[in-house]
Amino acid sequence: PLTAMQGFLEALLDGLIDEKGRQKYYEIIYNETLHMNRLVDDILDLVRLENKEIQLSRHPLDVSSFIQKIQFKFSQEAQEQNTEIVTEVAENLPKVYADPDRLEQILNNVVKNAVKFTQDGTIKISAKEDGEYILITIADTGIGIPAEDLDLIWNRFYKVDRLRFRKDKGTGLGLAIVKELVELHEGKIEVQSEVDSGTVFHIWLPSFKAAQN
């Protein structure tokens, strides 16, 4: 982001851009500052997680309301990709025992990736009870992840080479943060994927019912 901002600012300072084109340059610089902010925030989050500096404030939470919120939040972005987000929550689902802010961060990161890499398809967010856990599944029909990359997606700054999606402005830290947050909740996360067929993330988080025992 800094390199891009510097280049555009130099062009503006040198008077190389006419008045008509300046607005576009300003918009690009502004978007790069947003990207920079996301990058710094993600780095700080990851460092704090790895140094065990983040303390969870866990409460019994209704998973259904979180899933509905995420569906609403990303519906417009998904529609622009001609993609539909659908949800399916089991009846009488026990509450999950989680930090509300961090649960939302987990779902945000995974669903945002699904939307980004799914064109003309479907994203399904579902939840059900699985033993002592609440299993949340995010399944998309997107471009998928090559088998050789599956074990690497949790690494910081690692980005799968997805040439068809050059607009990707991610930080490469989202899934690393998700994994740390899930494990901090004493949960687990797994991924299955096939190129051109889609990707499925399974997230297990402790149920409040099990946490009381």
# chains A, B, ... in the order shown; residues from 1 in each chain; ligands from 1

call {"tool": "select_by_dssp", "arguments": {"residues": "segment 41-115 of chain A", "states": "strand (DSSP E)", "output": "MDAnalysis selection string"}}
result
chainID A and resid 59:61 84:89 96:98

call {"tool": "write_last_selection", "arguments": {"atoms": "N, CA and C atoms", "output": "short mmCIF file (atom, residue, chain, number, x, y, z; two decimals), in the first residue's frame"}}
result
data_model
loop_
_atom_site.label_atom_id
_atom_site.label_comp_id
_atom_site.auth_asym_id
_atom_site.auth_seq_id
_atom_site.Cartn_x
_atom_site.Cartn_y
_atom_site.Cartn_z
N HIS A 59 -19.32 -15.84 26.53
CA HIS A 59 -20.71 -15.82 26.99
C HIS A 59 -21.50 -16.86 26.19
N PRO A 60 -22.64 -17.31 26.69
CA PRO A 60 -23.53 -18.15 25.88
C PRO A 60 -24.16 -17.30 24.78
N LEU A 61 -23.96 -17.70 23.53
CA LEU A 61 -24.41 -16.88 22.40
C LEU A 61 -25.30 -17.69 21.46
N GLU A 84 -25.41 -16.17 -4.20
CA GLU A 84 -26.41 -16.14 -3.15
C GLU A 84 -25.85 -16.73 -1.86
N ILE A 85 -26.15 -16.07 -0.74
CA ILE A 85 -25.78 -16.61 0.57
C ILE A 85 -27.03 -17.19 1.22
N VAL A 86 -26.97 -18.47 1.55
CA VAL A 86 -28.10 -19.13 2.20
C VAL A 86 -27.66 -19.64 3.57
N THR A 87 -28.62 -19.81 4.46
CA THR A 87 -28.29 -20.28 5.81
C THR A 87 -29.17 -21.46 6.20
N GLU A 88 -28.65 -22.25 7.12
CA GLU A 88 -29.41 -23.41 7.63
C GLU A 88 -28.94 -23.67 9.05
N VAL A 89 -29.80 -23.42 10.01
CA VAL A 89 -29.46 -23.63 11.42
C VAL A 89 -30.40 -24.67 12.01
N VAL A 96 -23.58 -21.37 21.79
CA VAL A 96 -22.14 -21.57 21.74
C VAL A 96 -21.52 -20.75 22.88
N TYR A 97 -20.38 -21.22 23.38
CA TYR A 97 -19.69 -20.52 24.46
C TYR A 97 -18.51 -19.78 23.85
N ALA A 98 -18.70 -18.48 23.57
CA ALA A 98 -17.70 -17.76 22.80
C ALA A 98 -17.68 -16.27 23.14
#

call {"tool": "atom_distance", "arguments": {"atom1": "atom CA of Ala139 of chain A", "atom2": "atom CA of Ile125 of chain A"}}
result
6.6 Å

call {"tool": "atom_distance", "arguments": {"atom1": "atom CA of Leu184 of chain A", "atom2": "atom CA of Leu103 of chain A"}}
result
11.1 Å

call {"tool": "atom_distance", "arguments": {"atom1": "atom CA of Thr83 of chain A", "atom2": "atom CA of Thr122 of chain A"}}
result
5.3 Å

call {"tool": "closest_residue", "arguments": {"among": "A:Ile177, A:Ile134, A:Ser64, A:Gln192", "to": "Glu148 of chain A", "atoms": "only C-alpha atoms"}}
result
A:Gln192

call {"tool": "closest_residue", "arguments": {"among": "A:Val47, A:Val200, A:Val195, A:Ala114", "to": "Glu180 of chain A", "atoms": "only C-alpha atoms"}}
result
A:Val47

call {"tool": "closest_residue", "arguments": {"among": "A:Ala147, A:Leu12, A:Leu49, A:Ile123", "to": "Lys24 of chain A", "atoms": "only C-alpha atoms"}}
result
A:Leu12

call {"tool": "residues_around", "arguments": {"residues": "Leu135 of chain A", "least_positions_apart": "6", "cutoff": "12 Å", "atoms": "only C-alpha atoms", "output": "PDB file with all heavy atoms, in the first residue's frame"}}
result
ATOM      1  N   VAL A  63     -26.063 -18.710  18.050  1.00  0.00           N
ATOM      2  CA  VAL A  63     -25.342 -18.774  16.776  1.00  0.00           C
ATOM      3  C   VAL A  63     -26.201 -18.269  15.621  1.00  0.00           C
ATOM      4  O   VAL A  63     -25.717 -17.612  14.700  1.00  0.00           O
ATOM      5  CB  VAL A  63     -24.858 -20.215  16.492  1.00  0.00           C
ATOM      6  CG1 VAL A  63     -24.253 -20.317  15.101  1.00  0.00           C
ATOM      7  CG2 VAL A  63     -23.828 -20.621  17.521  1.00  0.00           C
ATOM      8  N   GLU A  88     -28.651 -22.252   7.117  1.00  0.00           N
ATOM      9  CA  GLU A  88     -29.407 -23.407   7.631  1.00  0.00           C
ATOM     10  C   GLU A  88     -28.937 -23.674   9.049  1.00  0.00           C
ATOM     11  O   GLU A  88     -27.791 -24.093   9.265  1.00  0.00           O
ATOM     12  CB  GLU A  88     -29.188 -24.634   6.753  1.00  0.00           C
ATOM     13  CG  GLU A  88     -29.986 -25.844   7.195  1.00  0.00           C
ATOM     14  CD  GLU A  88     -29.731 -27.050   6.309  1.00  0.00           C
ATOM     15  OE1 GLU A  88     -30.039 -26.974   5.104  1.00  0.00           O
ATOM     16  OE2 GLU A  88     -29.210 -28.049   6.833  1.00  0.00           O
ATOM     17  N   VAL A  89     -29.801 -23.422  10.015  1.00  0.00           N
ATOM     18  CA  VAL A  89     -29.461 -23.626  11.424  1.00  0.00           C
ATOM     19  C   VAL A  89     -30.405 -24.671  12.013  1.00  0.00           C
ATOM     20  O   VAL A  89     -31.620 -24.578  11.851  1.00  0.00           O
ATOM     21  CB  VAL A  89     -29.561 -22.301  12.217  1.00  0.00           C
ATOM     22  CG1 VAL A  89     -29.261 -22.538  13.693  1.00  0.00           C
ATOM     23  CG2 VAL A  89     -28.607 -21.263  11.630  1.00  0.00           C
ATOM     24  N   ALA A  90     -29.830 -25.641  12.682  1.00  0.00           N
ATOM     25  CA  ALA A  90     -30.629 -26.719  13.271  1.00  0.00           C
ATOM     26  C   ALA A  90     -31.587 -26.163  14.326  1.00  0.00           C
ATOM     27  O   ALA A  90     -31.269 -25.192  15.030  1.00  0.00           O
ATOM     28  CB  ALA A  90     -29.705 -27.759  13.902  1.00  0.00           C
ATOM     29  N   LEU A  93     -30.975 -25.377  18.570  1.00  0.00           N
ATOM     30  CA  LEU A  93     -29.513 -25.449  18.654  1.00  0.00           C
ATOM     31  C   LEU A  93     -29.030 -24.848  19.978  1.00  0.00           C
ATOM     32  O   LEU A  93     -29.377 -23.714  20.315  1.00  0.00           O
ATOM     33  CB  LEU A  93     -28.890 -24.684  17.487  1.00  0.00           C
ATOM     34  CG  LEU A  93     -27.361 -24.730  17.390  1.00  0.00           C
ATOM     35  CD1 LEU A  93     -26.903 -26.141  17.032  1.00  0.00           C
ATOM     36  CD2 LEU A  93     -26.867 -23.732  16.331  1.00  0.00           C
ATOM     37  N   PRO A  94     -28.236 -25.588  20.747  1.00  0.00           N
ATOM     38  CA  PRO A  94     -27.696 -25.025  21.996  1.00  0.00           C
ATOM     39  C   PRO A  94     -26.817 -23.801  21.709  1.00  0.00           C
ATOM     40  O   PRO A  94     -26.304 -23.636  20.593  1.00  0.00           O
ATOM     41  CB  PRO A  94     -26.842 -26.175  22.555  1.00  0.00           C
ATOM     42  CG  PRO A  94     -27.378 -27.403  21.908  1.00  0.00           C
ATOM     43  CD  PRO A  94     -27.835 -26.980  20.543  1.00  0.00           C
ATOM     44  N   LYS A  95     -26.657 -22.988  22.705  1.00  0.00           N
ATOM     45  CA  LYS A  95     -25.829 -21.795  22.531  1.00  0.00           C
ATOM     46  C   LYS A  95     -24.345 -22.174  22.517  1.00  0.00           C
ATOM     47  O   LYS A  95     -23.929 -23.148  23.124  1.00  0.00           O
ATOM     48  CB  LYS A  95     -26.116 -20.790  23.641  1.00  0.00           C
ATOM     49  CG  LYS A  95     -27.525 -20.208  23.535  1.00  0.00           C
ATOM     50  CD  LYS A  95     -27.766 -19.104  24.544  1.00  0.00           C
ATOM     51  CE  LYS A  95     -29.166 -18.498  24.334  1.00  0.00           C
ATOM     52  NZ  LYS A  95     -29.434 -17.389  25.259  1.00  0.00           N
ATOM     53  N   VAL A  96     -23.584 -21.375  21.788  1.00  0.00           N
ATOM     54  CA  VAL A  96     -22.145 -21.567  21.744  1.00  0.00           C
ATOM     55  C   VAL A  96     -21.523 -20.754  22.877  1.00  0.00           C
ATOM     56  O   VAL A  96     -22.068 -19.730  23.295  1.00  0.00           O
ATOM     57  CB  VAL A  96     -21.590 -21.134  20.362  1.00  0.00           C
ATOM     58  CG1 VAL A  96     -21.705 -19.624  20.167  1.00  0.00           C
ATOM     59  CG2 VAL A  96     -20.149 -21.584  20.183  1.00  0.00           C
ATOM     60  N   ILE A 125     -24.077 -21.108   4.818  1.00  0.00           N
ATOM     61  CA  ILE A 125     -23.607 -21.048   6.199  1.00  0.00           C
ATOM     62  C   ILE A 125     -24.576 -21.860   7.043  1.00  0.00           C
ATOM     63  O   ILE A 125     -25.776 -21.567   7.075  1.00  0.00           O
ATOM     64  CB  ILE A 125     -23.555 -19.595   6.712  1.00  0.00           C
ATOM     65  CG1 ILE A 125     -22.807 -18.687   5.726  1.00  0.00           C
ATOM     66  CG2 ILE A 125     -22.881 -19.549   8.082  1.00  0.00           C
ATOM     67  CD1 ILE A 125     -22.905 -17.216   6.089  1.00  0.00           C
ATOM     68  N   SER A 126     -24.073 -22.882   7.696  1.00  0.00           N
ATOM     69  CA  SER A 126     -24.958 -23.750   8.480  1.00  0.00           C
ATOM     70  C   SER A 126     -24.370 -23.994   9.863  1.00  0.00           C
ATOM     71  O   SER A 126     -23.173 -23.787  10.098  1.00  0.00           O
ATOM     72  CB  SER A 126     -25.175 -25.085   7.757  1.00  0.00           C
ATOM     73  OG  SER A 126     -23.944 -25.749   7.544  1.00  0.00           O
ATOM     74  N   ALA A 127     -25.232 -24.439  10.776  1.00  0.00           N
ATOM     75  CA  ALA A 127     -24.784 -24.733  12.139  1.00  0.00           C
ATOM     76  C   ALA A 127     -25.617 -25.871  12.712  1.00  0.00           C
ATOM     77  O   ALA A 127     -26.824 -25.942  12.478  1.00  0.00           O
ATOM     78  CB  ALA A 127     -24.907 -23.491  13.016  1.00  0.00           C
ATOM     79  N   LYS A 128     -24.957 -26.739  13.471  1.00  0.00           N
ATOM     80  CA  LYS A 128     -25.641 -27.847  14.122  1.00  0.00           C
ATOM     81  C   LYS A 128     -24.833 -28.280  15.339  1.00  0.00           C
ATOM     82  O   LYS A 128     -23.668 -27.902  15.508  1.00  0.00           O
ATOM     83  CB  LYS A 128     -25.829 -29.032  13.168  1.00  0.00           C
ATOM     84  CG  LYS A 128     -24.527 -29.688  12.735  1.00  0.00           C
ATOM     85  CD  LYS A 128     -24.795 -30.869  11.806  1.00  0.00           C
ATOM     86  CE  LYS A 128     -23.490 -31.569  11.418  1.00  0.00           C
ATOM     87  NZ  LYS A 128     -23.737 -32.735  10.523  1.00  0.00           N
ATOM     88  N   GLU A 129     -25.455 -29.065  16.191  1.00  0.00           N
ATOM     89  CA  GLU A 129     -24.770 -29.590  17.364  1.00  0.00           C
ATOM     90  C   GLU A 129     -23.957 -30.815  16.958  1.00  0.00           C
ATOM     91  O   GLU A 129     -24.413 -31.662  16.194  1.00  0.00           O
ATOM     92  CB  GLU A 129     -25.785 -29.965  18.442  1.00  0.00           C
ATOM     93  CG  GLU A 129     -25.164 -30.345  19.763  1.00  0.00           C
ATOM     94  CD  GLU A 129     -26.207 -30.585  20.844  1.00  0.00           C
ATOM     95  OE1 GLU A 129     -27.421 -30.624  20.504  1.00  0.00           O
ATOM     96  OE2 GLU A 129     -25.829 -30.733  22.013  1.00  0.00           O
ATOM     97  N   VAL A 182      -9.911 -19.585  16.871  1.00  0.00           N
ATOM     98  CA  VAL A 182     -10.656 -20.829  17.095  1.00  0.00           C
ATOM     99  C   VAL A 182      -9.970 -21.664  18.178  1.00  0.00           C
ATOM    100  O   VAL A 182     -10.624 -22.185  19.091  1.00  0.00           O
ATOM    101  CB  VAL A 182     -10.787 -21.630  15.783  1.00  0.00           C
ATOM    102  CG1 VAL A 182     -11.321 -23.039  16.061  1.00  0.00           C
ATOM    103  CG2 VAL A 182     -11.722 -20.915  14.810  1.00  0.00           C
ATOM    104  N   GLY A 187     -11.423 -24.710  20.360  1.00  0.00           N
ATOM    105  CA  GLY A 187     -12.121 -25.330  19.248  1.00  0.00           C
ATOM    106  C   GLY A 187     -11.146 -25.830  18.197  1.00  0.00           C
ATOM    107  O   GLY A 187      -9.934 -25.887  18.427  1.00  0.00           O
ATOM    108  N   LYS A 188     -11.662 -26.176  17.047  1.00  0.00           N
ATOM    109  CA  LYS A 188     -10.806 -26.633  15.947  1.00  0.00           C
ATOM    110  C   LYS A 188     -11.430 -26.228  14.621  1.00  0.00           C
ATOM    111  O   LYS A 188     -12.642 -25.984  14.528  1.00  0.00           O
ATOM    112  CB  LYS A 188     -10.593 -28.143  16.015  1.00  0.00           C
ATOM    113  CG  LYS A 188     -11.862 -28.971  15.936  1.00  0.00           C
ATOM    114  CD  LYS A 188     -11.564 -30.467  16.060  1.00  0.00           C
ATOM    115  CE  LYS A 188     -12.858 -31.296  16.006  1.00  0.00           C
ATOM    116  NZ  LYS A 188     -12.594 -32.747  16.059  1.00  0.00           N
ATOM    117  N   ILE A 189     -10.590 -26.160  13.590  1.00  0.00           N
ATOM    118  CA  ILE A 189     -11.055 -25.763  12.268  1.00  0.00           C
ATOM    119  C   ILE A 189     -10.398 -26.651  11.220  1.00  0.00           C
ATOM    120  O   ILE A 189      -9.220 -26.992  11.331  1.00  0.00           O
ATOM    121  CB  ILE A 189     -10.755 -24.266  11.992  1.00  0.00           C
ATOM    122  CG1 ILE A 189     -11.303 -23.837  10.626  1.00  0.00           C
ATOM    123  CG2 ILE A 189      -9.262 -23.961  12.104  1.00  0.00           C
ATOM    124  CD1 ILE A 189     -11.276 -22.328  10.422  1.00  0.00           C
ATOM    125  N   GLU A 190     -11.165 -27.042  10.220  1.00  0.00           N
ATOM    126  CA  GLU A 190     -10.663 -27.868   9.127  1.00  0.00           C
ATOM    127  C   GLU A 190     -11.182 -27.321   7.806  1.00  0.00           C
ATOM    128  O   GLU A 190     -12.204 -26.619   7.755  1.00  0.00           O
ATOM    129  CB  GLU A 190     -11.112 -29.323   9.288  1.00  0.00           C
ATOM    130  CG  GLU A 190     -10.532 -30.026  10.497  1.00  0.00           C
ATOM    131  CD  GLU A 190     -11.025 -31.459  10.639  1.00  0.00           C
ATOM    132  OE1 GLU A 190     -11.861 -31.892   9.798  1.00  0.00           O
ATOM    133  OE2 GLU A 190     -10.590 -32.150  11.581  1.00  0.00           O
ATOM    134  N   PHE A 201     -15.288 -24.879   4.930  1.00  0.00           N
ATOM    135  CA  PHE A 201     -14.632 -24.712   6.225  1.00  0.00           C
ATOM    136  C   PHE A 201     -15.556 -25.256   7.312  1.00  0.00           C
ATOM    137  O   PHE A 201     -16.730 -24.899   7.364  1.00  0.00           O
ATOM    138  CB  PHE A 201     -14.334 -23.238   6.508  1.00  0.00           C
ATOM    139  CG  PHE A 201     -13.134 -22.712   5.781  1.00  0.00           C
ATOM    140  CD1 PHE A 201     -13.261 -22.136   4.522  1.00  0.00           C
ATOM    141  CD2 PHE A 201     -11.866 -22.790   6.348  1.00  0.00           C
ATOM    142  CE1 PHE A 201     -12.163 -21.647   3.851  1.00  0.00           C
ATOM    143  CE2 PHE A 201     -10.751 -22.309   5.683  1.00  0.00           C
ATOM    144  CZ  PHE A 201     -10.894 -21.730   4.424  1.00  0.00           C
ATOM    145  N   HIS A 202     -15.008 -26.109   8.179  1.00  0.00           N
ATOM    146  CA  HIS A 202     -15.729 -26.629   9.334  1.00  0.00           C
ATOM    147  C   HIS A 202     -15.108 -26.023  10.586  1.00  0.00           C
ATOM    148  O   HIS A 202     -13.897 -26.147  10.803  1.00  0.00           O
ATOM    149  CB  HIS A 202     -15.635 -28.153   9.408  1.00  0.00           C
ATOM    150  CG  HIS A 202     -16.226 -28.867   8.232  1.00  0.00           C
ATOM    151  ND1 HIS A 202     -17.580 -28.916   7.997  1.00  0.00           N
ATOM    152  CD2 HIS A 202     -15.642 -29.562   7.227  1.00  0.00           C
ATOM    153  CE1 HIS A 202     -17.815 -29.617   6.900  1.00  0.00           C
ATOM    154  NE2 HIS A 202     -16.657 -30.021   6.405  1.00  0.00           N
ATOM    155  N   ILE A 203     -15.930 -25.376  11.400  1.00  0.00           N
ATOM    156  CA  ILE A 203     -15.446 -24.735  12.625  1.00  0.00           C
ATOM    157  C   ILE A 203     -16.203 -25.312  13.812  1.00  0.00           C
ATOM    158  O   ILE A 203     -17.432 -25.202  13.889  1.00  0.00           O
ATOM    159  CB  ILE A 203     -15.651 -23.206  12.565  1.00  0.00           C
ATOM    160  CG1 ILE A 203     -14.938 -22.614  11.347  1.00  0.00           C
ATOM    161  CG2 ILE A 203     -15.160 -22.547  13.849  1.00  0.00           C
ATOM    162  CD1 ILE A 203     -15.348 -21.179  11.043  1.00  0.00           C
ATOM    163  N   TRP A 204     -15.477 -25.954  14.739  1.00  0.00           N
ATOM    164  CA  TRP A 204     -16.076 -26.495  15.947  1.00  0.00           C
ATOM    165  C   TRP A 204     -15.751 -25.580  17.130  1.00  0.00           C
ATOM    166  O   TRP A 204     -14.573 -25.316  17.413  1.00  0.00           O
ATOM    167  CB  TRP A 204     -15.526 -27.880  16.253  1.00  0.00           C
ATOM    168  CG  TRP A 204     -15.994 -28.975  15.352  1.00  0.00           C
ATOM    169  CD1 TRP A 204     -17.072 -29.803  15.527  1.00  0.00           C
ATOM    170  CD2 TRP A 204     -15.380 -29.414  14.128  1.00  0.00           C
ATOM    171  NE1 TRP A 204     -17.165 -30.716  14.504  1.00  0.00           N
ATOM    172  CE2 TRP A 204     -16.135 -30.500  13.627  1.00  0.00           C
ATOM    173  CE3 TRP A 204     -14.251 -28.989  13.401  1.00  0.00           C
ATOM    174  CZ2 TRP A 204     -15.804 -31.169  12.450  1.00  0.00           C
ATOM    175  CZ3 TRP A 204     -13.922 -29.636  12.228  1.00  0.00           C
ATOM    176  CH2 TRP A 204     -14.698 -30.714  11.762  1.00  0.00           C
ATOM    177  N   LEU A 205     -16.778 -25.079  17.794  1.00  0.00           N
ATOM    178  CA  LEU A 205     -16.604 -24.267  18.990  1.00  0.00           C
ATOM    179  C   LEU A 205     -17.408 -24.890  20.129  1.00  0.00           C
ATOM    180  O   LEU A 205     -18.499 -25.415  19.898  1.00  0.00           O
ATOM    181  CB  LEU A 205     -17.075 -22.830  18.736  1.00  0.00           C
ATOM    182  CG  LEU A 205     -16.277 -22.033  17.691  1.00  0.00           C
ATOM    183  CD1 LEU A 205     -16.967 -20.711  17.400  1.00  0.00           C
ATOM    184  CD2 LEU A 205     -14.850 -21.799  18.164  1.00  0.00           C
ATOM    185  N   PRO A 206     -16.893 -24.837  21.358  1.00  0.00           N
ATOM    186  CA  PRO A 206     -17.588 -25.483  22.474  1.00  0.00           C
ATOM    187  C   PRO A 206     -18.993 -24.933  22.677  1.00  0.00           C
ATOM    188  O   PRO A 206     -19.225 -23.721  22.555  1.00  0.00           O
ATOM    189  CB  PRO A 206     -16.700 -25.153  23.678  1.00  0.00           C
ATOM    190  CG  PRO A 206     -15.358 -24.877  23.105  1.00  0.00           C
ATOM    191  CD  PRO A 206     -15.608 -24.224  21.770  1.00  0.00           C
ATOM    192  N   SER A 207     -19.920 -25.827  22.974  1.00  0.00           N
ATOM    193  CA  SER A 207     -21.272 -25.390  23.312  1.00  0.00           C
ATOM    194  C   SER A 207     -21.298 -24.943  24.781  1.00  0.00           C
ATOM    195  O   SER A 207     -20.486 -25.418  25.595  1.00  0.00           O
ATOM    196  CB  SER A 207     -22.292 -26.501  23.090  1.00  0.00           C
ATOM    197  OG  SER A 207     -22.132 -27.524  24.053  1.00  0.00           O
TER     198      SER A 207
END
